[in-house]
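Participant: The following file, protein-v8.cif, comprises mmCIF, N, CA and C atoms:
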```cif
data_start
#
loop_
_atom_site.group_PDB
_atom_site.id
_atom_site.type_symbol
_atom_site.label_atom_id
_atom_site.label_comp_id
_atom_site.auth_asym_id
_atom_site.auth_seq_id
_atom_site.Cartn_x
_atom_site.Cartn_y
_atom_site.Cartn_z
ATOM 1 N N MET A 1 -136.710 144.096 127.222
ATOM 2 C CA MET A 1 -136.376 145.469 126.903
ATOM 3 C C MET A 1 -137.382 145.980 125.865
ATOM 4 N N THR A 2 -137.931 147.165 126.119
ATOM 5 C CA THR A 2 -138.928 147.735 125.210
ATOM 6 C C THR A 2 -138.247 148.375 123.999
ATOM 7 N N VAL A 3 -139.065 148.690 123.003
ATOM 8 C CA VAL A 3 -138.552 149.336 121.800
ATOM 9 C C VAL A 3 -137.952 150.700 122.157
ATOM 10 N N GLY A 4 -138.623 151.437 123.023
ATOM 11 C CA GLY A 4 -138.134 152.742 123.448
ATOM 12 C C GLY A 4 -136.784 152.642 124.143
ATOM 13 N N GLU A 5 -136.609 151.624 124.972
ATOM 14 C CA GLU A 5 -135.334 151.427 125.668
ATOM 15 C C GLU A 5 -134.228 151.067 124.680
ATOM 16 N N ARG A 6 -134.576 150.223 123.697
ATOM 17 C CA ARG A 6 -133.574 149.864 122.682
ATOM 18 C C ARG A 6 -133.164 151.080 121.860
ATOM 19 N N LYS A 7 -134.156 151.913 121.496
ATOM 20 C CA LYS A 7 -133.842 153.121 120.738
ATOM 21 C C LYS A 7 -132.993 154.077 121.575
ATOM 22 N N ALA A 8 -133.316 154.217 122.841
ATOM 23 C CA ALA A 8 -132.542 155.096 123.726
ATOM 24 C C ALA A 8 -131.102 154.609 123.830
ATOM 25 N N GLU A 9 -130.920 153.307 123.937
ATOM 26 C CA GLU A 9 -129.574 152.721 123.986
ATOM 27 C C GLU A 9 -128.831 152.972 122.676
ATOM 28 N N ALA A 10 -129.524 152.773 121.566
ATOM 29 C CA ALA A 10 -128.907 152.982 120.254
ATOM 30 C C ALA A 10 -128.530 154.452 120.075
ATOM 31 N N LEU A 11 -129.382 155.354 120.519
ATOM 32 C CA LEU A 11 -129.093 156.785 120.442
ATOM 33 C C LEU A 11 -127.856 157.125 121.261
ATOM 34 N N GLU A 12 -127.804 156.605 122.463
ATOM 35 C CA GLU A 12 -126.649 156.864 123.334
ATOM 36 C C GLU A 12 -125.357 156.334 122.707
ATOM 37 N N ALA A 13 -125.405 155.147 122.147
ATOM 38 C CA ALA A 13 -124.219 154.564 121.510
ATOM 39 C C ALA A 13 -123.812 155.387 120.293
ATOM 40 N N PHE A 14 -124.783 155.803 119.496
ATOM 41 C CA PHE A 14 -124.489 156.617 118.312
ATOM 42 C C PHE A 14 -123.848 157.945 118.716
ATOM 43 N N GLU A 15 -124.399 158.580 119.732
ATOM 44 C CA GLU A 15 -123.851 159.861 120.190
ATOM 45 C C GLU A 15 -122.422 159.699 120.714
ATOM 46 N N ARG A 16 -122.150 158.603 121.398
ATOM 47 C CA ARG A 16 -120.774 158.351 121.880
ATOM 48 C C ARG A 16 -119.817 158.192 120.702
ATOM 49 N N GLN A 17 -120.241 157.474 119.677
ATOM 50 C CA GLN A 17 -119.372 157.204 118.535
ATOM 51 C C GLN A 17 -119.156 158.427 117.653
ATOM 52 N N THR A 18 -120.108 159.337 117.623
ATOM 53 C CA THR A 18 -119.990 160.483 116.728
ATOM 54 C C THR A 18 -119.542 161.770 117.429
ATOM 55 N N ALA A 19 -119.398 161.752 118.730
ATOM 56 C CA ALA A 19 -119.063 162.973 119.477
ATOM 57 C C ALA A 19 -117.753 163.597 118.998
ATOM 58 N N VAL A 20 -116.695 162.823 118.921
ATOM 59 C CA VAL A 20 -115.389 163.374 118.528
ATOM 60 C C VAL A 20 -115.370 163.794 117.057
ATOM 61 N N PRO A 21 -115.838 162.963 116.126
ATOM 62 C CA PRO A 21 -115.837 163.422 114.727
ATOM 63 C C PRO A 21 -116.670 164.689 114.516
ATOM 64 N N MET A 22 -117.806 164.811 115.202
ATOM 65 C CA MET A 22 -118.632 166.005 115.039
ATOM 66 C C MET A 22 -117.957 167.225 115.668
ATOM 67 N N LEU A 23 -117.228 167.029 116.748
ATOM 68 C CA LEU A 23 -116.471 168.130 117.347
ATOM 69 C C LEU A 23 -115.389 168.615 116.394
ATOM 70 N N VAL A 24 -114.704 167.685 115.753
ATOM 71 C CA VAL A 24 -113.665 168.044 114.780
ATOM 72 C C VAL A 24 -114.281 168.842 113.632
ATOM 73 N N LEU A 25 -115.432 168.406 113.132
ATOM 74 C CA LEU A 25 -116.091 169.139 112.050
ATOM 75 C C LEU A 25 -116.553 170.521 112.512
ATOM 76 N N ALA A 26 -117.032 170.606 113.743
ATOM 77 C CA ALA A 26 -117.470 171.900 114.273
ATOM 78 C C ALA A 26 -116.293 172.870 114.350
ATOM 79 N N LEU A 27 -115.137 172.382 114.741
ATOM 80 C CA LEU A 27 -113.948 173.232 114.804
ATOM 81 C C LEU A 27 -113.425 173.554 113.407
ATOM 82 N N ALA A 28 -113.566 172.625 112.491
ATOM 83 C CA ALA A 28 -113.076 172.824 111.123
ATOM 84 C C ALA A 28 -113.872 173.894 110.382
ATOM 85 N N ILE A 29 -115.117 174.080 110.747
ATOM 86 C CA ILE A 29 -115.940 175.062 110.033
ATOM 87 C C ILE A 29 -115.496 176.491 110.344
ATOM 88 N N ILE A 30 -114.883 176.710 111.486
ATOM 89 C CA ILE A 30 -114.498 178.071 111.889
ATOM 90 C C ILE A 30 -113.543 178.707 110.879
ATOM 91 N N PRO A 31 -112.417 178.075 110.563
ATOM 92 C CA PRO A 31 -111.551 178.720 109.565
ATOM 93 C C PRO A 31 -112.201 178.818 108.185
ATOM 94 N N LEU A 32 -113.065 177.885 107.857
ATOM 95 C CA LEU A 32 -113.739 177.954 106.555
ATOM 96 C C LEU A 32 -114.629 179.182 106.448
ATOM 97 N N LEU A 33 -115.176 179.619 107.568
ATOM 98 C CA LEU A 33 -116.016 180.805 107.567
ATOM 99 C C LEU A 33 -115.202 182.093 107.694
ATOM 100 N N VAL A 34 -114.086 182.024 108.409
ATOM 101 C CA VAL A 34 -113.291 183.228 108.686
ATOM 102 C C VAL A 34 -112.344 183.575 107.542
ATOM 103 N N ILE A 35 -111.707 182.594 106.955
ATOM 104 C CA ILE A 35 -110.695 182.842 105.918
ATOM 105 C C ILE A 35 -111.212 183.753 104.804
ATOM 106 N N PRO A 36 -112.387 183.492 104.233
ATOM 107 C CA PRO A 36 -112.853 184.386 103.153
ATOM 108 C C PRO A 36 -113.120 185.820 103.624
ATOM 109 N N LEU A 37 -113.329 186.003 104.911
ATOM 110 C CA LEU A 37 -113.570 187.343 105.429
ATOM 111 C C LEU A 37 -112.286 188.156 105.552
ATOM 112 N N VAL A 38 -111.162 187.481 105.724
ATOM 113 C CA VAL A 38 -109.902 188.199 105.966
ATOM 114 C C VAL A 38 -108.911 188.099 104.812
ATOM 115 N N ILE A 39 -109.124 187.160 103.915
ATOM 116 C CA ILE A 39 -108.196 186.960 102.797
ATOM 117 C C ILE A 39 -108.986 186.988 101.490
ATOM 118 N N GLU A 40 -108.450 187.689 100.521
ATOM 119 C CA GLU A 40 -109.063 187.696 99.183
ATOM 120 C C GLU A 40 -108.709 186.378 98.495
ATOM 121 N N LEU A 41 -109.706 185.608 98.174
ATOM 122 C CA LEU A 41 -109.497 184.283 97.583
ATOM 123 C C LEU A 41 -109.830 184.296 96.102
ATOM 124 N N THR A 42 -109.182 183.415 95.378
ATOM 125 C CA THR A 42 -109.527 183.228 93.978
ATOM 126 C C THR A 42 -110.884 182.519 93.916
ATOM 127 N N PRO A 43 -111.582 182.632 92.820
ATOM 128 C CA PRO A 43 -112.872 181.947 92.701
ATOM 129 C C PRO A 43 -112.767 180.435 92.947
ATOM 130 N N GLY A 44 -111.664 179.837 92.530
ATOM 131 C CA GLY A 44 -111.480 178.395 92.754
ATOM 132 C C GLY A 44 -111.422 178.048 94.227
ATOM 133 N N TRP A 45 -110.664 178.841 94.982
ATOM 134 C CA TRP A 45 -110.571 178.601 96.420
ATOM 135 C C TRP A 45 -111.898 178.893 97.122
ATOM 136 N N GLU A 46 -112.588 179.926 96.680
ATOM 137 C CA GLU A 46 -113.902 180.223 97.273
ATOM 138 C C GLU A 46 -114.859 179.054 97.060
ATOM 139 N N SER A 47 -114.840 178.493 95.862
ATOM 140 C CA SER A 47 -115.704 177.344 95.565
ATOM 141 C C SER A 47 -115.335 176.143 96.415
ATOM 142 N N THR A 48 -114.034 175.934 96.595
ATOM 143 C CA THR A 48 -113.567 174.802 97.405
ATOM 144 C C THR A 48 -114.016 174.955 98.850
ATOM 145 N N LEU A 49 -113.823 176.142 99.401
ATOM 146 C CA LEU A 49 -114.225 176.373 100.795
ATOM 147 C C LEU A 49 -115.736 176.250 100.959
ATOM 148 N N GLU A 50 -116.483 176.744 99.989
ATOM 149 C CA GLU A 50 -117.938 176.630 100.065
ATOM 150 C C GLU A 50 -118.380 175.165 99.990
ATOM 151 N N ALA A 51 -117.729 174.384 99.156
ATOM 152 C CA ALA A 51 -118.054 172.950 99.069
ATOM 153 C C ALA A 51 -117.757 172.257 100.400
ATOM 154 N N LEU A 52 -116.647 172.610 101.023
ATOM 155 C CA LEU A 52 -116.318 172.034 102.331
ATOM 156 C C LEU A 52 -117.339 172.440 103.388
ATOM 157 N N GLU A 53 -117.776 173.695 103.349
ATOM 158 C CA GLU A 53 -118.817 174.149 104.286
ATOM 159 C C GLU A 53 -120.085 173.313 104.120
ATOM 160 N N TRP A 54 -120.492 173.090 102.870
ATOM 161 C CA TRP A 54 -121.710 172.320 102.620
ATOM 162 C C TRP A 54 -121.539 170.856 103.023
ATOM 163 N N PHE A 55 -120.336 170.312 102.836
ATOM 164 C CA PHE A 55 -120.075 168.938 103.266
ATOM 165 C C PHE A 55 -120.247 168.828 104.781
ATOM 166 N N ILE A 56 -119.686 169.783 105.502
ATOM 167 C CA ILE A 56 -119.793 169.756 106.968
ATOM 168 C C ILE A 56 -121.245 169.953 107.387
ATOM 169 N N TRP A 57 -121.936 170.871 106.725
ATOM 170 C CA TRP A 57 -123.353 171.062 107.029
ATOM 171 C C TRP A 57 -124.124 169.759 106.808
ATOM 172 N N ALA A 58 -123.856 169.087 105.700
ATOM 173 C CA ALA A 58 -124.549 167.822 105.401
ATOM 174 C C ALA A 58 -124.267 166.782 106.472
ATOM 175 N N ALA A 59 -123.024 166.736 106.959
ATOM 176 C CA ALA A 59 -122.680 165.787 108.024
ATOM 177 C C ALA A 59 -123.501 166.078 109.276
ATOM 178 N N PHE A 60 -123.647 167.359 109.629
ATOM 179 C CA PHE A 60 -124.461 167.720 110.795
ATOM 180 C C PHE A 60 -125.927 167.386 110.573
ATOM 181 N N ALA A 61 -126.423 167.643 109.371
ATOM 182 C CA ALA A 61 -127.822 167.341 109.067
ATOM 183 C C ALA A 61 -128.092 165.844 109.144
ATOM 184 N N ILE A 62 -127.210 165.047 108.569
ATOM 185 C CA ILE A 62 -127.379 163.592 108.596
ATOM 186 C C ILE A 62 -127.303 163.073 110.023
ATOM 187 N N GLU A 63 -126.350 163.594 110.783
ATOM 188 C CA GLU A 63 -126.207 163.168 112.181
ATOM 189 C C GLU A 63 -127.459 163.515 112.981
ATOM 190 N N TYR A 64 -128.022 164.699 112.751
ATOM 191 C CA TYR A 64 -129.236 165.113 113.461
ATOM 192 C C TYR A 64 -130.412 164.208 113.098
ATOM 193 N N VAL A 65 -130.568 163.930 111.811
ATOM 194 C CA VAL A 65 -131.678 163.084 111.367
ATOM 195 C C VAL A 65 -131.565 161.678 111.964
ATOM 196 N N ILE A 66 -130.364 161.131 112.017
ATOM 197 C CA ILE A 66 -130.169 159.805 112.615
ATOM 198 C C ILE A 66 -130.505 159.838 114.092
ATOM 199 N N ARG A 67 -130.039 160.876 114.780
ATOM 200 C CA ARG A 67 -130.345 160.992 116.212
ATOM 201 C C ARG A 67 -131.844 161.139 116.435
ATOM 202 N N LEU A 68 -132.511 161.926 115.586
ATOM 203 C CA LEU A 68 -133.964 162.082 115.696
ATOM 204 C C LEU A 68 -134.665 160.747 115.469
ATOM 205 N N TYR A 69 -134.212 159.997 114.482
ATOM 206 C CA TYR A 69 -134.794 158.683 114.206
ATOM 207 C C TYR A 69 -134.631 157.742 115.409
ATOM 208 N N LEU A 70 -133.459 157.783 116.029
ATOM 209 C CA LEU A 70 -133.192 156.893 117.154
ATOM 210 C C LEU A 70 -133.847 157.349 118.454
ATOM 211 N N ALA A 71 -134.211 158.609 118.540
ATOM 212 C CA ALA A 71 -134.795 159.145 119.780
ATOM 213 C C ALA A 71 -136.142 158.488 120.059
ATOM 214 N N PRO A 72 -136.314 157.970 121.266
ATOM 215 C CA PRO A 72 -137.599 157.345 121.590
ATOM 216 C C PRO A 72 -138.739 158.358 121.672
ATOM 217 N N GLU A 73 -138.438 159.597 122.076
ATOM 218 C CA GLU A 73 -139.448 160.653 122.174
ATOM 219 C C GLU A 73 -139.036 161.803 121.238
ATOM 220 N N LYS A 74 -139.583 161.804 120.042
ATOM 221 C CA LYS A 74 -139.174 162.755 118.995
ATOM 222 C C LYS A 74 -139.377 164.214 119.429
ATOM 223 N N ALA A 75 -140.547 164.546 119.942
ATOM 224 C CA ALA A 75 -140.833 165.937 120.320
ATOM 225 C C ALA A 75 -139.872 166.399 121.417
ATOM 226 N N ARG A 76 -139.634 165.562 122.371
ATOM 227 C CA ARG A 76 -138.701 165.915 123.449
ATOM 228 C C ARG A 76 -137.291 166.103 122.900
ATOM 229 N N PHE A 77 -136.910 165.252 121.955
ATOM 230 C CA PHE A 77 -135.585 165.375 121.340
ATOM 231 C C PHE A 77 -135.443 166.725 120.650
ATOM 232 N N VAL A 78 -136.442 167.107 119.863
ATOM 233 C CA VAL A 78 -136.380 168.367 119.120
ATOM 234 C C VAL A 78 -136.310 169.549 120.081
ATOM 235 N N THR A 79 -137.141 169.543 121.111
ATOM 236 C CA THR A 79 -137.139 170.677 122.042
ATOM 237 C C THR A 79 -135.867 170.747 122.875
ATOM 238 N N SER A 80 -135.240 169.636 123.136
ATOM 239 C CA SER A 80 -134.012 169.671 123.941
ATOM 240 C C SER A 80 -132.756 169.796 123.078
ATOM 241 N N ASN A 81 -132.908 169.831 121.770
ATOM 242 C CA ASN A 81 -131.764 169.986 120.865
ATOM 243 C C ASN A 81 -131.998 171.133 119.877
ATOM 244 N N LYS A 82 -132.494 172.259 120.404
ATOM 245 C CA LYS A 82 -132.801 173.415 119.554
ATOM 246 C C LYS A 82 -131.551 173.988 118.895
ATOM 247 N N VAL A 83 -130.438 174.010 119.603
ATOM 248 C CA VAL A 83 -129.201 174.551 119.030
ATOM 249 C C VAL A 83 -128.761 173.708 117.836
ATOM 250 N N ASP A 84 -128.837 172.404 117.970
ATOM 251 C CA ASP A 84 -128.473 171.523 116.863
ATOM 252 C C ASP A 84 -129.354 171.797 115.639
ATOM 253 N N LEU A 85 -130.635 171.997 115.879
ATOM 254 C CA LEU A 85 -131.553 172.282 114.787
ATOM 255 C C LEU A 85 -131.215 173.624 114.135
ATOM 256 N N LEU A 86 -130.861 174.626 114.937
ATOM 257 C CA LEU A 86 -130.459 175.925 114.395
ATOM 258 C C LEU A 86 -129.220 175.804 113.514
ATOM 259 N N ILE A 87 -128.279 174.975 113.920
ATOM 260 C CA ILE A 87 -127.056 174.776 113.143
ATOM 261 C C ILE A 87 -127.399 174.239 111.761
ATOM 262 N N ILE A 88 -128.415 173.435 111.696
ATOM 263 C CA ILE A 88 -128.811 172.849 110.422
ATOM 264 C C ILE A 88 -129.623 173.836 109.580
ATOM 265 N N VAL A 89 -130.443 174.663 110.216
ATOM 266 C CA VAL A 89 -131.319 175.580 109.501
ATOM 267 C C VAL A 89 -130.585 176.851 109.058
ATOM 268 N N LEU A 90 -129.648 177.341 109.847
ATOM 269 C CA LEU A 90 -128.982 178.615 109.557
ATOM 270 C C LEU A 90 -128.311 178.705 108.191
ATOM 271 N N PRO A 91 -127.659 177.674 107.683
ATOM 272 C CA PRO A 91 -127.052 177.825 106.357
ATOM 273 C C PRO A 91 -128.051 178.215 105.269
ATOM 274 N N PHE A 92 -129.295 177.845 105.443
ATOM 275 C CA PHE A 92 -130.294 178.233 104.452
ATOM 276 C C PHE A 92 -130.606 179.719 104.539
ATOM 277 N N LEU A 93 -130.408 180.291 105.698
ATOM 278 C CA LEU A 93 -130.646 181.717 105.875
ATOM 279 C C LEU A 93 -129.440 182.533 105.418
ATOM 280 N N ARG A 94 -128.294 181.890 105.409
ATOM 281 C CA ARG A 94 -127.040 182.473 104.933
ATOM 282 C C ARG A 94 -126.701 183.836 105.546
ATOM 283 N N PRO A 95 -126.744 183.958 106.866
ATOM 284 C CA PRO A 95 -126.444 185.256 107.472
ATOM 285 C C PRO A 95 -124.980 185.665 107.285
ATOM 286 N N LEU A 96 -124.084 184.715 107.215
ATOM 287 C CA LEU A 96 -122.674 185.060 107.064
ATOM 288 C C LEU A 96 -122.351 185.510 105.650
ATOM 289 N N ARG A 97 -123.165 185.149 104.680
ATOM 290 C CA ARG A 97 -122.953 185.589 103.304
ATOM 291 C C ARG A 97 -123.134 187.111 103.219
ATOM 292 N N VAL A 98 -124.018 187.642 104.054
ATOM 293 C CA VAL A 98 -124.232 189.093 104.075
ATOM 294 C C VAL A 98 -122.952 189.783 104.500
ATOM 295 N N LEU A 99 -122.269 189.229 105.498
ATOM 296 C CA LEU A 99 -121.002 189.810 105.956
ATOM 297 C C LEU A 99 -119.975 189.825 104.831
ATOM 298 N N ARG A 100 -119.936 188.781 104.049
ATOM 299 C CA ARG A 100 -118.976 188.706 102.942
ATOM 300 C C ARG A 100 -119.275 189.785 101.901
ATOM 301 N N SER A 101 -120.548 190.029 101.629
ATOM 302 C CA SER A 101 -120.895 191.018 100.623
ATOM 303 C C SER A 101 -120.594 192.434 101.118
ATOM 304 N N VAL A 102 -120.664 192.657 102.419
ATOM 305 C CA VAL A 102 -120.334 193.964 102.985
ATOM 306 C C VAL A 102 -118.852 194.261 102.784
ATOM 307 N N ARG A 103 -118.042 193.236 102.878
ATOM 308 C CA ARG A 103 -116.595 193.391 102.706
ATOM 309 C C ARG A 103 -116.346 193.882 101.325
#
```
Can you dump the structure from the file as structure tokens?
Facilitator:
Amino acid sequence: MTVGERKAEALEAFERQTAVPMLVLALAIIPLLVIPLVIELTPGWESTLEALEWFIWAAFAIEYVIRLYLAPEKARFVTSNKVDLLIIVLPFLRPLRVLRSVR
């Protein structure tokens, strides 16, 4: 078995093991983003929700980096996982923060 085949196998196994936890985190982020838009929160709650958002973002970033490391063809991985990369990059652009300030 070649190194590329071993990495491909490891990537597949990692993706199988992380699919459900990452789905749960993806669903968990929705109320964290919506609640501050519809409910006036105390500064403490806003800080808590923001910390949870960053924790989930970090989990996605770490998962992406591990998958990229395990991918036998890095360039192909990046081009075929553009949405995943956007999920990681978008928090730095903070487009949803603009919506909060409009409120």
Participant: List the residues matched by the PyMOL selection byres ((chain A and resi 22-39) around 7) in the displayed structure as a short mmCIF file (atom, residue, chain, number, x, y, z; two decimals) with N, CA and C atoms, keeping the file's coordinate frame, ordered by chain and then by residue number.
Facilitator:
```cif
data_model
loop_
_atom_site.label_atom_id
_atom_site.label_comp_id
_atom_site.auth_asym_id
_atom_site.auth_seq_id
_atom_site.Cartn_x
_atom_site.Cartn_y
_atom_site.Cartn_z
N GLN A 17 -120.24 157.47 119.68
CA GLN A 17 -119.37 157.20 118.54
C GLN A 17 -119.16 158.43 117.65
N THR A 18 -120.11 159.34 117.62
CA THR A 18 -119.99 160.48 116.73
C THR A 18 -119.54 161.77 117.43
N ALA A 19 -119.40 161.75 118.73
CA ALA A 19 -119.06 162.97 119.48
C ALA A 19 -117.75 163.60 119.00
N VAL A 20 -116.70 162.82 118.92
CA VAL A 20 -115.39 163.37 118.53
C VAL A 20 -115.37 163.79 117.06
N PRO A 21 -115.84 162.96 116.13
CA PRO A 21 -115.84 163.42 114.73
C PRO A 21 -116.67 164.69 114.52
N GLU A 40 -108.45 187.69 100.52
CA GLU A 40 -109.06 187.70 99.18
C GLU A 40 -108.71 186.38 98.50
N LEU A 41 -109.71 185.61 98.17
CA LEU A 41 -109.50 184.28 97.58
C LEU A 41 -109.83 184.30 96.10
N LEU A 49 -113.82 176.14 99.40
CA LEU A 49 -114.22 176.37 100.80
C LEU A 49 -115.74 176.25 100.96
N GLU A 53 -117.78 173.70 103.35
CA GLU A 53 -118.82 174.15 104.29
C GLU A 53 -120.08 173.31 104.12
N ILE A 56 -119.69 169.78 105.50
CA ILE A 56 -119.79 169.76 106.97
C ILE A 56 -121.24 169.95 107.39
N LEU A 99 -122.27 189.23 105.50
CA LEU A 99 -121.00 189.81 105.96
C LEU A 99 -119.98 189.82 104.83
N ARG A 100 -119.94 188.78 104.05
CA ARG A 100 -118.98 188.71 102.94
C ARG A 100 -119.28 189.78 101.90
#
```
Participant: Please provide as a ChimeraX atom specification all residues within 8 Å of range 60-76 of chain A, with the sequence filter that same-chain residues fewer than 5 positions apart are discarded (counting all atoms listed in the file).
Facilitator: /A:3-12,14-15,22,54-55,81,84-85,87-89
Participant: For the selection you just gave me, I'd like the residues written to a file as an mmCIF file, in the coordinates of the input, keeping N, CA and C atoms.
Facilitator:
```cif
data_model
loop_
_atom_site.group_PDB
_atom_site.id
_atom_site.type_symbol
_atom_site.label_atom_id
_atom_site.label_comp_id
_atom_site.auth_asym_id
_atom_site.auth_seq_id
_atom_site.Cartn_x
_atom_site.Cartn_y
_atom_site.Cartn_z
ATOM 1 N N VAL A 3 -139.065 148.690 123.003
ATOM 2 C CA VAL A 3 -138.552 149.336 121.800
ATOM 3 C C VAL A 3 -137.952 150.700 122.157
ATOM 4 N N GLY A 4 -138.623 151.437 123.023
ATOM 5 C CA GLY A 4 -138.134 152.742 123.448
ATOM 6 C C GLY A 4 -136.784 152.642 124.143
ATOM 7 N N GLU A 5 -136.609 151.624 124.972
ATOM 8 C CA GLU A 5 -135.334 151.427 125.668
ATOM 9 C C GLU A 5 -134.228 151.067 124.680
ATOM 10 N N ARG A 6 -134.576 150.223 123.697
ATOM 11 C CA ARG A 6 -133.574 149.864 122.682
ATOM 12 C C ARG A 6 -133.164 151.080 121.860
ATOM 13 N N LYS A 7 -134.156 151.913 121.496
ATOM 14 C CA LYS A 7 -133.842 153.121 120.738
ATOM 15 C C LYS A 7 -132.993 154.077 121.575
ATOM 16 N N ALA A 8 -133.316 154.217 122.841
ATOM 17 C CA ALA A 8 -132.542 155.096 123.726
ATOM 18 C C ALA A 8 -131.102 154.609 123.830
ATOM 19 N N GLU A 9 -130.920 153.307 123.937
ATOM 20 C CA GLU A 9 -129.574 152.721 123.986
ATOM 21 C C GLU A 9 -128.831 152.972 122.676
ATOM 22 N N ALA A 10 -129.524 152.773 121.566
ATOM 23 C CA ALA A 10 -128.907 152.982 120.254
ATOM 24 C C ALA A 10 -128.530 154.452 120.075
ATOM 25 N N LEU A 11 -129.382 155.354 120.519
ATOM 26 C CA LEU A 11 -129.093 156.785 120.442
ATOM 27 C C LEU A 11 -127.856 157.125 121.261
ATOM 28 N N GLU A 12 -127.804 156.605 122.463
ATOM 29 C CA GLU A 12 -126.649 156.864 123.334
ATOM 30 C C GLU A 12 -125.357 156.334 122.707
ATOM 31 N N PHE A 14 -124.783 155.803 119.496
ATOM 32 C CA PHE A 14 -124.489 156.617 118.312
ATOM 33 C C PHE A 14 -123.848 157.945 118.716
ATOM 34 N N GLU A 15 -124.399 158.580 119.732
ATOM 35 C CA GLU A 15 -123.851 159.861 120.190
ATOM 36 C C GLU A 15 -122.422 159.699 120.714
ATOM 37 N N MET A 22 -117.806 164.811 115.202
ATOM 38 C CA MET A 22 -118.632 166.005 115.039
ATOM 39 C C MET A 22 -117.957 167.225 115.668
ATOM 40 N N TRP A 54 -120.492 173.090 102.870
ATOM 41 C CA TRP A 54 -121.710 172.320 102.620
ATOM 42 C C TRP A 54 -121.539 170.856 103.023
ATOM 43 N N PHE A 55 -120.336 170.312 102.836
ATOM 44 C CA PHE A 55 -120.075 168.938 103.266
ATOM 45 C C PHE A 55 -120.247 168.828 104.781
ATOM 46 N N ASN A 81 -132.908 169.831 121.770
ATOM 47 C CA ASN A 81 -131.764 169.986 120.865
ATOM 48 C C ASN A 81 -131.998 171.133 119.877
ATOM 49 N N ASP A 84 -128.837 172.404 117.970
ATOM 50 C CA ASP A 84 -128.473 171.523 116.863
ATOM 51 C C ASP A 84 -129.354 171.797 115.639
ATOM 52 N N LEU A 85 -130.635 171.997 115.879
ATOM 53 C CA LEU A 85 -131.553 172.282 114.787
ATOM 54 C C LEU A 85 -131.215 173.624 114.135
ATOM 55 N N ILE A 87 -128.279 174.975 113.920
ATOM 56 C CA ILE A 87 -127.056 174.776 113.143
ATOM 57 C C ILE A 87 -127.399 174.239 111.761
ATOM 58 N N ILE A 88 -128.415 173.435 111.696
ATOM 59 C CA ILE A 88 -128.811 172.849 110.422
ATOM 60 C C ILE A 88 -129.623 173.836 109.580
ATOM 61 N N VAL A 89 -130.443 174.663 110.216
ATOM 62 C CA VAL A 89 -131.319 175.580 109.501
ATOM 63 C C VAL A 89 -130.585 176.851 109.058
#
```
Participant: Rounded to one decimal place, report the atom C of Trp45 in chain A-atom N of Phe92 in chain A distance in Å.
Facilitator: 19.3 Å
Participant: Mind giving me the straight-line distance from CA of Ala51 in chain A to atom C of Leu90 in chain A in Å, one decimal?
Facilitator: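 Spanning CA of Ala51 in chain A to atom C of Leu90 in chain A is a straight-line distance of 14.9 Å.
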Participant: For a test of reading the model, state the distance in Å between atom C of Ala59 in chain A and atom N of Ser47 in chain A, rounded to one decimal.
Facilitator: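 Atom-to-atom, atom C of Ala59 in chain A and atom N of Ser47 in chain A are spaced 20.2 Å apart.
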